>>> print(open('model.txt').read())   # compact mmCIF, C-alpha atoms
# COMPACT_ATOMS: atom_id res chain seq x y z
CA MET X 1 0.00 0.00 0.00
CA PRO X 2 1.31 3.53 -0.75
CA LYS X 3 2.65 5.38 2.27
CA ALA X 4 3.20 9.06 3.06
CA LYS X 5 6.88 10.05 3.13
CA ILE X 6 7.76 13.41 4.60
CA LYS X 7 10.69 15.47 3.33
CA LYS X 8 11.60 16.90 6.70
CA GLU X 9 13.91 19.60 5.38
CA VAL X 10 11.08 21.07 3.26
CA CYS X 11 8.44 20.99 6.04
CA LYS X 12 7.60 24.31 7.71
CA GLY X 13 5.63 22.70 10.53
CA CYS X 14 2.30 24.41 9.80
CA GLY X 15 0.35 21.38 10.99
CA LEU X 16 -2.31 21.46 8.26
CA CYS X 17 -1.56 17.83 7.33
CA VAL X 18 -1.96 16.83 10.99
CA VAL X 19 -5.60 18.00 11.09
CA ASN X 20 -6.40 16.72 7.58
CA CYS X 21 -5.12 13.16 8.13
CA PRO X 22 -8.17 10.88 8.43
CA LYS X 23 -6.18 8.30 10.43
CA LYS X 24 -4.67 10.96 12.74
CA ILE X 25 -1.18 9.49 12.49
CA LEU X 26 0.78 12.63 11.60
CA LYS X 27 2.48 14.52 14.44
CA LEU X 28 4.78 17.52 14.67
CA THR X 29 8.04 16.93 16.50
CA GLU X 30 8.18 18.47 19.95
CA ARG X 31 11.92 19.05 20.34
CA GLU X 32 13.73 18.21 17.09
CA ILE X 33 13.92 20.94 14.47
CA ASN X 34 15.04 20.92 10.83
CA ALA X 35 17.64 23.19 9.21
CA MET X 36 15.03 25.99 8.79
CA GLY X 37 14.26 25.84 12.53
CA TYR X 38 10.77 24.36 12.29
CA ASN X 39 9.27 21.49 14.25
CA TYR X 40 8.70 19.18 11.31
CA CYS X 41 6.01 16.60 10.67
CA GLN X 42 6.48 12.87 11.22
CA VAL X 43 4.39 9.77 10.53
CA SER X 44 3.87 8.34 14.01
CA ASP X 45 2.44 5.02 12.84
CA PRO X 46 3.51 4.19 9.25
CA GLU X 47 1.62 0.88 9.31
CA ALA X 48 -1.70 2.71 9.77
CA CYS X 49 -1.18 4.96 6.71
CA ILE X 50 -3.77 4.24 4.01
CA GLY X 51 -2.03 6.34 1.31
CA CYS X 52 -5.04 8.61 0.73
CA ALA X 53 -2.76 11.61 0.03
CA MET X 54 -5.02 14.05 1.90
CA CYS X 55 -1.89 15.33 3.66
CA ALA X 56 -0.18 15.87 0.32
CA ALA X 57 -3.26 17.69 -1.03
CA ILE X 58 -3.21 20.30 1.74
CA CYS X 59 0.59 20.62 2.17
CA PRO X 60 1.53 24.12 0.94
CA ASP X 61 5.19 23.20 0.42
CA CYS X 62 4.89 19.83 -1.37
CA ALA X 63 6.78 18.30 1.57
CA ILE X 64 4.91 14.99 1.37
CA ASP X 65 5.29 12.29 -1.27
CA VAL X 66 2.92 9.34 -1.28
CA ASP X 67 4.27 6.18 -2.92
CA MET V 68 2.73 3.12 -8.09
CA PRO V 69 3.23 6.70 -6.86
CA VAL V 70 0.04 8.33 -5.59
CA PHE V 71 1.47 11.79 -5.18
CA HIS V 72 4.74 13.38 -6.26
CA LYS V 73 5.61 17.05 -6.62
CA THR V 74 4.84 18.13 -10.18
CA LYS V 75 7.72 18.95 -12.51
CA VAL V 76 6.02 22.24 -13.43
CA LEU V 77 7.08 23.58 -10.01
CA THR V 78 10.78 24.18 -9.37
CA ASP V 79 12.62 22.85 -6.32
CA VAL V 80 13.17 26.38 -4.98
CA PRO V 81 11.82 26.51 -1.39
CA MET V 82 8.82 28.86 -1.30
CA HIS V 83 9.20 32.01 0.80
CA TYR V 84 5.58 31.89 1.97
CA CYS V 85 4.89 31.77 5.71
CA PRO V 86 4.15 28.36 7.25
CA GLY V 87 0.54 27.41 6.55
CA CYS V 88 -0.01 29.94 3.76
CA THR V 89 -2.03 28.17 1.09
CA HIS V 90 -0.44 30.16 -1.73
CA GLY V 91 1.77 27.09 -2.10
CA VAL V 92 -1.28 24.88 -2.55
CA VAL V 93 -2.68 27.11 -5.30
CA HIS V 94 0.72 27.23 -7.05
CA ARG V 95 0.71 23.45 -7.04
CA LEU V 96 -2.88 23.20 -8.35
CA VAL V 97 -2.11 25.56 -11.23
CA ALA V 98 1.06 23.63 -12.07
CA GLU V 99 -0.71 20.26 -11.91
CA CYS V 100 -3.55 21.48 -14.14
CA LEU V 101 -1.11 22.79 -16.76
CA GLU V 102 0.81 19.52 -16.63
CA GLU V 103 -2.34 17.41 -16.99
CA LEU V 104 -3.60 19.53 -19.88
CA GLY V 105 -0.19 19.10 -21.57
CA VAL V 106 0.28 22.84 -22.16
CA ALA V 107 3.07 23.60 -19.68
CA GLY V 108 5.57 24.01 -22.52
CA LYS V 109 3.58 26.83 -24.14
CA THR V 110 2.30 28.60 -21.04
CA ILE V 111 3.26 32.13 -20.06
CA GLY V 112 2.40 33.25 -16.54
CA VAL V 113 2.20 36.78 -15.21
CA ALA V 114 3.28 37.28 -11.59
CA PRO V 115 1.71 40.09 -9.54
CA VAL V 116 2.96 42.43 -6.85
CA GLY V 117 2.10 41.05 -3.45
CA CYS V 118 3.05 37.90 -1.61
CA ALA V 119 3.18 35.99 -4.90
CA VAL V 120 5.68 38.45 -6.39
CA PHE V 121 8.30 35.69 -6.59
CA ALA V 122 5.95 33.25 -8.33
CA TYR V 123 8.31 33.27 -11.31
CA ASN V 124 10.89 31.47 -9.13
CA TYR V 125 8.48 28.68 -8.28
CA PHE V 126 6.82 27.92 -11.62
CA ASN V 127 8.91 26.05 -14.14
CA LEU V 128 7.25 28.14 -16.87
CA ASP V 129 7.93 31.28 -18.87
CA MET V 130 6.92 34.07 -16.51
CA ALA V 131 6.67 37.84 -16.62
CA GLU V 132 6.40 40.26 -13.71
CA ALA V 133 3.73 42.96 -13.95
CA ALA V 134 3.49 46.33 -12.23
CA HIS V 135 1.10 46.43 -9.28
CA GLY V 136 -2.38 45.44 -10.44
CA ARG V 137 -1.49 45.40 -14.12
CA ALA V 138 -1.23 41.64 -14.58
CA PRO V 139 -4.47 41.31 -16.65
CA ALA V 140 -3.32 44.17 -18.91
CA MET V 141 0.05 42.52 -19.39
CA ALA V 142 -1.56 39.12 -19.94
CA THR V 143 -3.83 40.74 -22.55
CA GLY V 144 -0.80 41.99 -24.45
CA ILE V 145 1.02 38.66 -24.26
CA LYS V 146 -2.06 36.73 -25.37
CA ARG V 147 -2.74 39.04 -28.33
CA VAL V 148 0.85 38.78 -29.55
CA ARG V 149 1.14 35.03 -28.88
CA PRO V 150 -2.43 33.70 -29.24
CA GLU V 151 -1.14 30.11 -29.44
CA CYS V 152 0.19 30.33 -25.86
CA VAL V 153 -1.77 29.70 -22.69
CA VAL V 154 -1.54 32.90 -20.62
CA PHE V 155 -2.52 33.25 -16.99
CA ALA V 156 -2.29 35.98 -14.37
CA TYR V 157 -1.84 35.05 -10.72
CA GLN V 158 -2.95 37.85 -8.40
CA GLY V 159 -3.79 38.63 -4.81
CA ASP V 160 -6.70 40.70 -3.55
CA GLY V 161 -4.85 43.96 -2.98
CA ASP V 162 -3.44 43.62 -6.47
CA LEU V 163 -6.57 42.55 -8.35
CA ALA V 164 -9.42 44.15 -6.40
CA SER V 165 -7.82 47.44 -5.35
CA ILE V 166 -5.11 49.00 -7.51
CA GLY V 167 -5.81 46.67 -10.43
CA ALA V 168 -9.62 46.82 -10.31
CA ALA V 169 -9.86 48.77 -13.57
CA GLU V 170 -7.55 46.39 -15.44
CA THR V 171 -9.44 43.38 -14.10
CA VAL V 172 -12.92 44.68 -14.89
CA HIS V 173 -12.01 45.81 -18.39
CA ALA V 174 -10.05 42.65 -19.25
CA ALA V 175 -13.17 40.74 -18.19
CA ALA V 176 -15.51 43.08 -20.07
CA ARG V 177 -13.45 42.69 -23.26
CA GLY V 178 -13.60 38.93 -22.78
CA GLU V 179 -9.84 38.59 -23.22
CA ASN V 180 -8.94 34.94 -23.69
CA ILE V 181 -6.84 34.69 -20.52
CA THR V 182 -7.12 32.89 -17.19
CA VAL V 183 -6.86 34.79 -13.91
CA ILE V 184 -6.19 33.07 -10.59
CA PHE V 185 -7.33 35.41 -7.82
CA ILE V 186 -6.11 34.74 -4.27
CA ASN V 187 -8.50 36.26 -1.72
CA ASN V 188 -7.11 36.32 1.81
CA GLY V 189 -8.76 39.59 2.82
CA ILE V 190 -5.56 41.44 3.65
CA TYR V 191 -2.40 42.92 2.17
CA GLY V 192 0.06 40.23 3.21
CA MET V 193 3.44 41.29 1.89
CA THR V 194 3.25 44.94 2.91
CA GLY V 195 2.38 44.17 6.53
CA GLY V 196 -1.31 43.44 6.97
CA GLN V 197 -3.12 46.55 5.76
CA MET V 198 -6.85 46.49 5.01
CA ALA V 199 -7.75 45.19 1.54
CA PRO V 200 -10.99 45.79 -0.40
CA THR V 201 -11.94 42.23 0.55
CA THR V 202 -11.32 42.53 4.33
CA LEU V 203 -14.43 41.39 6.20
CA ILE V 204 -16.51 43.79 8.31
CA GLY V 205 -15.09 43.73 11.85
CA ALA V 206 -11.80 42.10 10.82
CA LYS V 207 -8.70 43.81 12.18
CA ALA V 208 -5.83 45.05 10.04
CA THR V 209 -3.00 47.47 10.68
CA THR V 210 -4.93 50.27 8.94
CA CYS V 211 -8.20 49.45 10.75
CA PRO V 212 -6.93 48.32 14.17
CA TYR V 213 -10.41 48.36 15.76
CA GLY V 214 -11.90 46.25 13.00
CA ARG V 215 -13.28 47.28 9.62
CA ASP V 216 -16.12 49.75 10.12
CA PRO V 217 -18.43 50.18 7.09
CA LYS V 218 -19.07 53.83 8.01
CA VAL V 219 -15.39 54.61 7.65
CA ASN V 220 -14.00 51.90 5.36
CA GLY V 221 -16.99 50.86 3.26
CA TYR V 222 -18.01 47.32 2.46
CA PRO V 223 -15.99 44.33 1.18
CA VAL V 224 -16.04 43.76 -2.59
CA ARG V 225 -17.34 40.47 -3.90
CA VAL V 226 -15.24 40.27 -7.05
CA SER V 227 -16.68 37.06 -8.51
CA GLU V 228 -20.29 38.27 -8.26
CA MET V 229 -19.28 41.64 -9.71
CA LEU V 230 -17.51 40.16 -12.75
CA ALA V 231 -20.24 37.57 -13.31
CA GLN V 232 -22.60 40.44 -14.24
CA LEU V 233 -20.49 41.21 -17.31
CA ASP V 234 -21.06 39.61 -20.70
CA GLY V 235 -17.35 39.10 -21.43
CA PRO V 236 -16.27 36.37 -19.00
CA SER V 237 -16.80 32.71 -19.89
CA TYR V 238 -16.10 31.24 -16.47
CA ILE V 239 -16.18 32.73 -12.98
CA ALA V 240 -15.94 30.53 -9.90
CA ARG V 241 -15.06 30.87 -6.24
CA VAL V 242 -13.29 28.01 -4.45
CA SER V 243 -11.52 27.57 -1.14
CA THR V 244 -8.49 25.84 0.34
CA HIS V 245 -9.71 25.39 3.91
CA ASN V 246 -9.30 21.61 3.91
CA ALA V 247 -8.06 18.80 1.67
CA ARG V 248 -11.49 18.18 0.15
CA ALA V 249 -11.89 21.85 -0.76
CA VAL V 250 -8.43 21.77 -2.36
CA LEU V 251 -9.36 18.78 -4.53
CA ASP V 252 -12.55 20.61 -5.55
CA ALA V 253 -10.62 23.82 -6.27
CA LYS V 254 -8.41 21.93 -8.72
CA LYS V 255 -11.42 21.00 -10.89
CA HIS V 256 -12.43 24.64 -11.23
CA ILE V 257 -8.88 25.82 -11.96
CA ARG V 258 -8.59 23.13 -14.61
CA ARG V 259 -11.91 24.19 -16.13
CA ALA V 260 -10.70 27.80 -16.26
CA PHE V 261 -7.65 26.74 -18.27
CA GLU V 262 -9.77 24.51 -20.53
CA LYS V 263 -11.96 27.54 -21.32
CA GLN V 264 -8.91 29.43 -22.52
CA ILE V 265 -7.63 26.49 -24.58
CA GLU V 266 -11.08 26.21 -26.18
CA GLY V 267 -10.93 29.94 -26.97
CA LYS V 268 -14.07 30.76 -24.97
CA GLY V 269 -12.70 33.90 -23.30
CA PHE V 270 -11.93 35.37 -19.89
CA ALA V 271 -11.94 32.91 -16.99
CA LEU V 272 -11.36 33.79 -13.34
CA VAL V 273 -11.12 31.52 -10.32
CA GLU V 274 -11.21 33.20 -6.93
CA VAL V 275 -9.48 31.11 -4.26
CA LEU V 276 -10.13 31.82 -0.58
CA THR V 277 -6.94 31.37 1.42
CA GLY V 278 -5.78 32.16 4.92
CA CYS V 279 -3.11 34.57 6.08
CA PRO V 280 -1.99 33.14 9.46
CA THR V 281 0.74 35.74 9.95
CA ASN V 282 -1.31 38.90 9.43
CA TRP V 283 -4.50 37.49 10.92
CA ALA V 284 -2.37 36.59 13.98
CA MET V 285 -3.66 33.01 14.07
CA SER V 286 -2.14 29.55 13.84
CA PRO V 287 -2.38 28.04 10.33
CA VAL V 288 -5.04 25.59 11.52
CA ASP V 289 -7.11 28.38 13.15
CA ALA V 290 -6.74 30.57 10.07
CA LEU V 291 -8.26 27.90 7.83
CA LYS V 292 -10.99 27.30 10.42
CA TYR V 293 -11.71 31.04 10.23
CA VAL V 294 -11.96 30.78 6.45
CA GLU V 295 -14.49 27.98 6.79
CA GLU V 296 -16.60 29.60 9.52
CA GLN V 297 -16.39 33.34 8.80
CA VAL V 298 -15.12 33.97 5.28
CA ILE V 299 -17.13 31.44 3.28
CA PRO V 300 -20.51 32.73 4.62
CA TYR V 301 -19.65 36.19 3.22
CA TYR V 302 -18.00 34.86 0.05
CA PRO V 303 -20.12 31.83 -0.91
CA LEU V 304 -18.38 29.15 -2.96
CA GLY V 305 -19.63 28.10 -6.34
CA VAL V 306 -19.64 28.73 -10.07
CA TYR V 307 -20.98 32.24 -10.80
CA LYS V 308 -20.78 32.15 -14.54
CA ASP V 309 -20.26 29.42 -17.09
CA THR V 310 -21.15 30.13 -20.71
CA ASP V 311 -21.41 26.39 -21.40
CA LYS V 312 -24.17 25.73 -18.92
CA GLU V 313 -26.78 27.38 -16.76
CA VAL V 314 -25.65 28.19 -13.20
CA ARG V 315 -27.64 29.42 -10.21
>>> encode(input="model.txt", output="structure tokens")
Amino acid sequence: MPKAKIKKEVCKGCGLCVVNCPKKILKLTEREINAMGYNYCQVSDPEACIGCAMCAAICPDCAIDVD
Amino acid sequence: MPVFHKTKVLTDVPMHYCPGCTHGVVHRLVAECLEELGVAGKTIGVAPVGCAVFAYNYFNLDMAEAAHGRAPAMATGIKRVRPECVVFAYQGDGDLASIGAAETVHAAARGENITVIFINNGIYGMTGGQMAPTTLIGAKATTCPYGRDPKVNGYPVRVSEMLAQLDGPSYIARVSTHNARAVLDAKKHIRRAFEKQIEGKGFALVEVLTGCPTNWAMSPVDALKYVEEQVIPYYPLGVYKDTDKEVR
């Protein structure tokens, strides 16, 4: 099944994918930051991802690939 | 099989937009539509003045940069000289509805065969959050710090409804980006607006409601919730004009 893959260096940590994920498995990091200084998004439970690409549809920075 | 990859019509340059600004989403929708229609190689875009002023860095297309508000006038010229090209203008609300209102209305009235993507976030984003013609009644901005008062500042302009009264336009629609479903819906209308131009039907405009988390002083999630709960009731979504079929 296709899975969401997050390009953490592109993510600006806006959290729009987190609220649009139907399985609620995306989370922003609490302490770790990327090179731009943002708390980036992570897939907390990759097995639960259904590959619907809702996160990719709302991501303003194309930081999520689904394949 | 890949479900979603970044389109090749966007460059890999990181966008300068604030976190949670859905300008990036609209850039992607435009790029995907051009790619799917197979016209990316002969498309010329016109970037505005405003937050999207650097749009030419992000689209892997031939782009021109217009003076403030003059994108439809510039697109008119490009389209008349190169009628075989697909020409689109990408503008914000301060650009299109305020300083460029005359250019927009007359390009629409002439029925110029161009596509205009109109980003309505109800504020001047790049210049620091001043009131725009589309700012909602009661909404705060740096030039109306106590909220927009109709007695002083007048009423917000509904651009799509206004242009739909004209005979020139072939397609006028208002869409939103407040959640993933709305984004998928927005793409259909943007695609239709480009198809109208390719079919030679005339002026097409898609108004896209977006949030401005920075100048609204909200989190990105709250900003899009505000769009859904406060902005959409004043700016209803839908197709306002389509010369191919009856609407409303």
>>> interface_residues(input="model.txt", of="chain X", to="chain V", cutoff="10 Å", atoms="all atoms listed in the file", output="PyMOL selection string")
chain X and resi 1-4+9-21+38+51-67
>>> residues_around(input="model.txt", residues="Thr310 (chain V)", least_positions_apart="6", cutoff="9 Å", atoms="only C-alpha atoms", output="JSON, numbers by chain")
{"V": [236, 237, 238, 268]}
>>> atom_distance(input="model.txt", atom1="CA of Ala174 (chain V)", atom2="CA of Arg258 (chain V)")
20.1 Å
>>> residues_around(input="model.txt", residues="region 220-231 of chain V", least_positions_apart="3", cutoff="8 Å", atoms="only C-alpha atoms", output="PyMOL selection string")
chain V and resi 164+172+175+200-204+215-217+234+236+239-241+272+274+302+307-308
>>> write_last_selection(input="model.txt", atoms="C-alpha atoms", output="short mmCIF file (atom, residue, chain, number, x, y, z; two decimals), in the frame of the given file")
data_model
loop_
_atom_site.label_atom_id
_atom_site.label_comp_id
_atom_site.auth_asym_id
_atom_site.auth_seq_id
_atom_site.Cartn_x
_atom_site.Cartn_y
_atom_site.Cartn_z
CA ALA V 164 -9.42 44.15 -6.40
CA VAL V 172 -12.92 44.68 -14.89
CA ALA V 175 -13.17 40.74 -18.19
CA PRO V 200 -10.99 45.79 -0.40
CA THR V 201 -11.94 42.23 0.55
CA THR V 202 -11.32 42.53 4.33
CA LEU V 203 -14.43 41.39 6.20
CA ILE V 204 -16.51 43.79 8.31
CA ARG V 215 -13.28 47.28 9.62
CA ASP V 216 -16.12 49.75 10.12
CA PRO V 217 -18.43 50.18 7.09
CA ASP V 234 -21.06 39.61 -20.70
CA PRO V 236 -16.27 36.37 -19.00
CA ILE V 239 -16.18 32.73 -12.98
CA ALA V 240 -15.94 30.53 -9.90
CA ARG V 241 -15.06 30.87 -6.24
CA LEU V 272 -11.36 33.79 -13.34
CA GLU V 274 -11.21 33.20 -6.93
CA TYR V 302 -18.00 34.86 0.05
CA TYR V 307 -20.98 32.24 -10.80
CA LYS V 308 -20.78 32.15 -14.54
#
>>> closest_residue(input="model.txt", among="X:Ala35, X:Val43, X:Ile6, X:Cys49", to="Lys23 (chain X)", atoms="all atoms listed in the file")
X:Cys49
>>> atom_distance(input="model.txt", atom1="CA of Lys254 (chain V)", atom2="CA of Gly144 (chain V)")
26.6 Å
>>> residues_near_point(input="model.txt", point="(7.5, 18.2, 19.3)", cutoff="12 Å", atoms="only C-alpha atoms", output="list in words")
Gly13, Gly15, Leu26, Lys27, Leu28, Thr29, Glu30, Arg31, Glu32, Ile33, Asn34, Tyr38, Asn39, Tyr40, Cys41, Gln42 and Ser44 of chain X
>>> closest_residue(input="model.txt", among="V:Lys255, V:His173, V:Lys292, V:Lys263", to="Leu276 (chain V)", atoms="only C-alpha atoms")
V:Lys292
>>> axis_aligned_box(input="model.txt", around="region 235-251 of chain V", padding_each_side="5 Å", output="AutoDock Vina command-line options")
--center_x -12.7 --center_y 28.6 --center_z -8.8 --size_x 19.3 --size_y 30.9 --size_z 35.3
>>> atom_distance(input="model.txt", atom1="CA of Asp160 (chain V)", atom2="CA of Ile186 (chain V)")
6.0 Å
>>> decode(input="model.txt", residues="region 11-32 of chain X", atoms="N, CA, C and O atoms", output="compact mmCIF listing (two decimals), in the first residue's frame")
# COMPACT_ATOMS: atom_id res chain seq x y z
N CYS X 11 9.62 20.74 5.18
CA CYS X 11 8.44 20.99 6.04
C CYS X 11 8.63 22.27 6.85
O CYS X 11 9.69 22.50 7.42
N LYS X 12 7.57 23.10 6.89
CA LYS X 12 7.60 24.31 7.71
C LYS X 12 6.78 24.16 8.99
O LYS X 12 6.55 25.14 9.70
N GLY X 13 6.31 22.96 9.26
CA GLY X 13 5.63 22.70 10.53
C GLY X 13 4.32 23.43 10.73
O GLY X 13 3.97 23.78 11.85
N CYS X 14 3.56 23.66 9.64
CA CYS X 14 2.30 24.41 9.80
C CYS X 14 1.22 23.57 10.45
O CYS X 14 0.28 24.12 11.04
N GLY X 15 1.31 22.25 10.32
CA GLY X 15 0.35 21.38 10.99
C GLY X 15 -0.95 21.17 10.24
O GLY X 15 -1.88 20.55 10.77
N LEU X 16 -1.05 21.65 9.00
CA LEU X 16 -2.31 21.46 8.26
C LEU X 16 -2.53 19.99 7.91
O LEU X 16 -3.66 19.51 7.91
N CYS X 17 -1.43 19.26 7.63
CA CYS X 17 -1.56 17.83 7.33
C CYS X 17 -2.05 17.07 8.56
O CYS X 17 -2.82 16.13 8.45
N VAL X 18 -1.61 17.53 9.74
CA VAL X 18 -1.96 16.83 10.99
C VAL X 18 -3.49 16.81 11.16
O VAL X 18 -4.07 15.79 11.51
N VAL X 19 -4.15 17.96 10.90
CA VAL X 19 -5.60 18.00 11.09
C VAL X 19 -6.36 17.39 9.91
O VAL X 19 -7.52 17.04 10.05
N ASN X 20 -5.70 17.27 8.74
CA ASN X 20 -6.40 16.72 7.58
C ASN X 20 -6.21 15.21 7.42
O ASN X 20 -6.83 14.61 6.55
N CYS X 21 -5.35 14.61 8.23
CA CYS X 21 -5.12 13.16 8.13
C CYS X 21 -6.31 12.40 8.71
O CYS X 21 -6.62 12.56 9.89
N PRO X 22 -6.99 11.58 7.90
CA PRO X 22 -8.17 10.88 8.43
C PRO X 22 -7.81 9.83 9.49
O PRO X 22 -8.64 9.50 10.33
N LYS X 23 -6.57 9.31 9.45
CA LYS X 23 -6.18 8.30 10.43
C LYS X 23 -5.49 8.92 11.64
O LYS X 23 -5.12 8.21 12.58
N LYS X 24 -5.28 10.23 11.61
CA LYS X 24 -4.67 10.96 12.74
C LYS X 24 -3.32 10.36 13.15
O LYS X 24 -3.06 10.12 14.34
N ILE X 25 -2.48 10.09 12.17
CA ILE X 25 -1.18 9.49 12.49
C ILE X 25 -0.02 10.43 12.23
O ILE X 25 1.13 10.06 12.39
N LEU X 26 -0.31 11.68 11.81
CA LEU X 26 0.78 12.63 11.60
C LEU X 26 0.94 13.48 12.86
O LEU X 26 -0.03 13.89 13.47
N LYS X 27 2.19 13.73 13.23
CA LYS X 27 2.48 14.52 14.44
C LYS X 27 3.64 15.46 14.14
O LYS X 27 4.56 15.10 13.40
N LEU X 28 3.62 16.64 14.74
CA LEU X 28 4.78 17.52 14.67
C LEU X 28 5.75 17.11 15.76
O LEU X 28 5.33 16.72 16.85
N THR X 29 7.05 17.23 15.47
CA THR X 29 8.04 16.93 16.50
C THR X 29 7.93 17.95 17.63
O THR X 29 7.52 19.09 17.40
N GLU X 30 8.27 17.53 18.83
CA GLU X 30 8.18 18.47 19.95
C GLU X 30 9.50 19.17 20.22
O GLU X 30 9.52 20.34 20.60
N ARG X 31 10.63 18.45 20.04
CA ARG X 31 11.92 19.05 20.34
C ARG X 31 12.80 19.20 19.10
O ARG X 31 13.44 20.23 18.92
N GLU X 32 12.82 18.17 18.23
CA GLU X 32 13.73 18.21 17.09
C GLU X 32 13.27 19.27 16.08
O GLU X 32 12.07 19.44 15.87
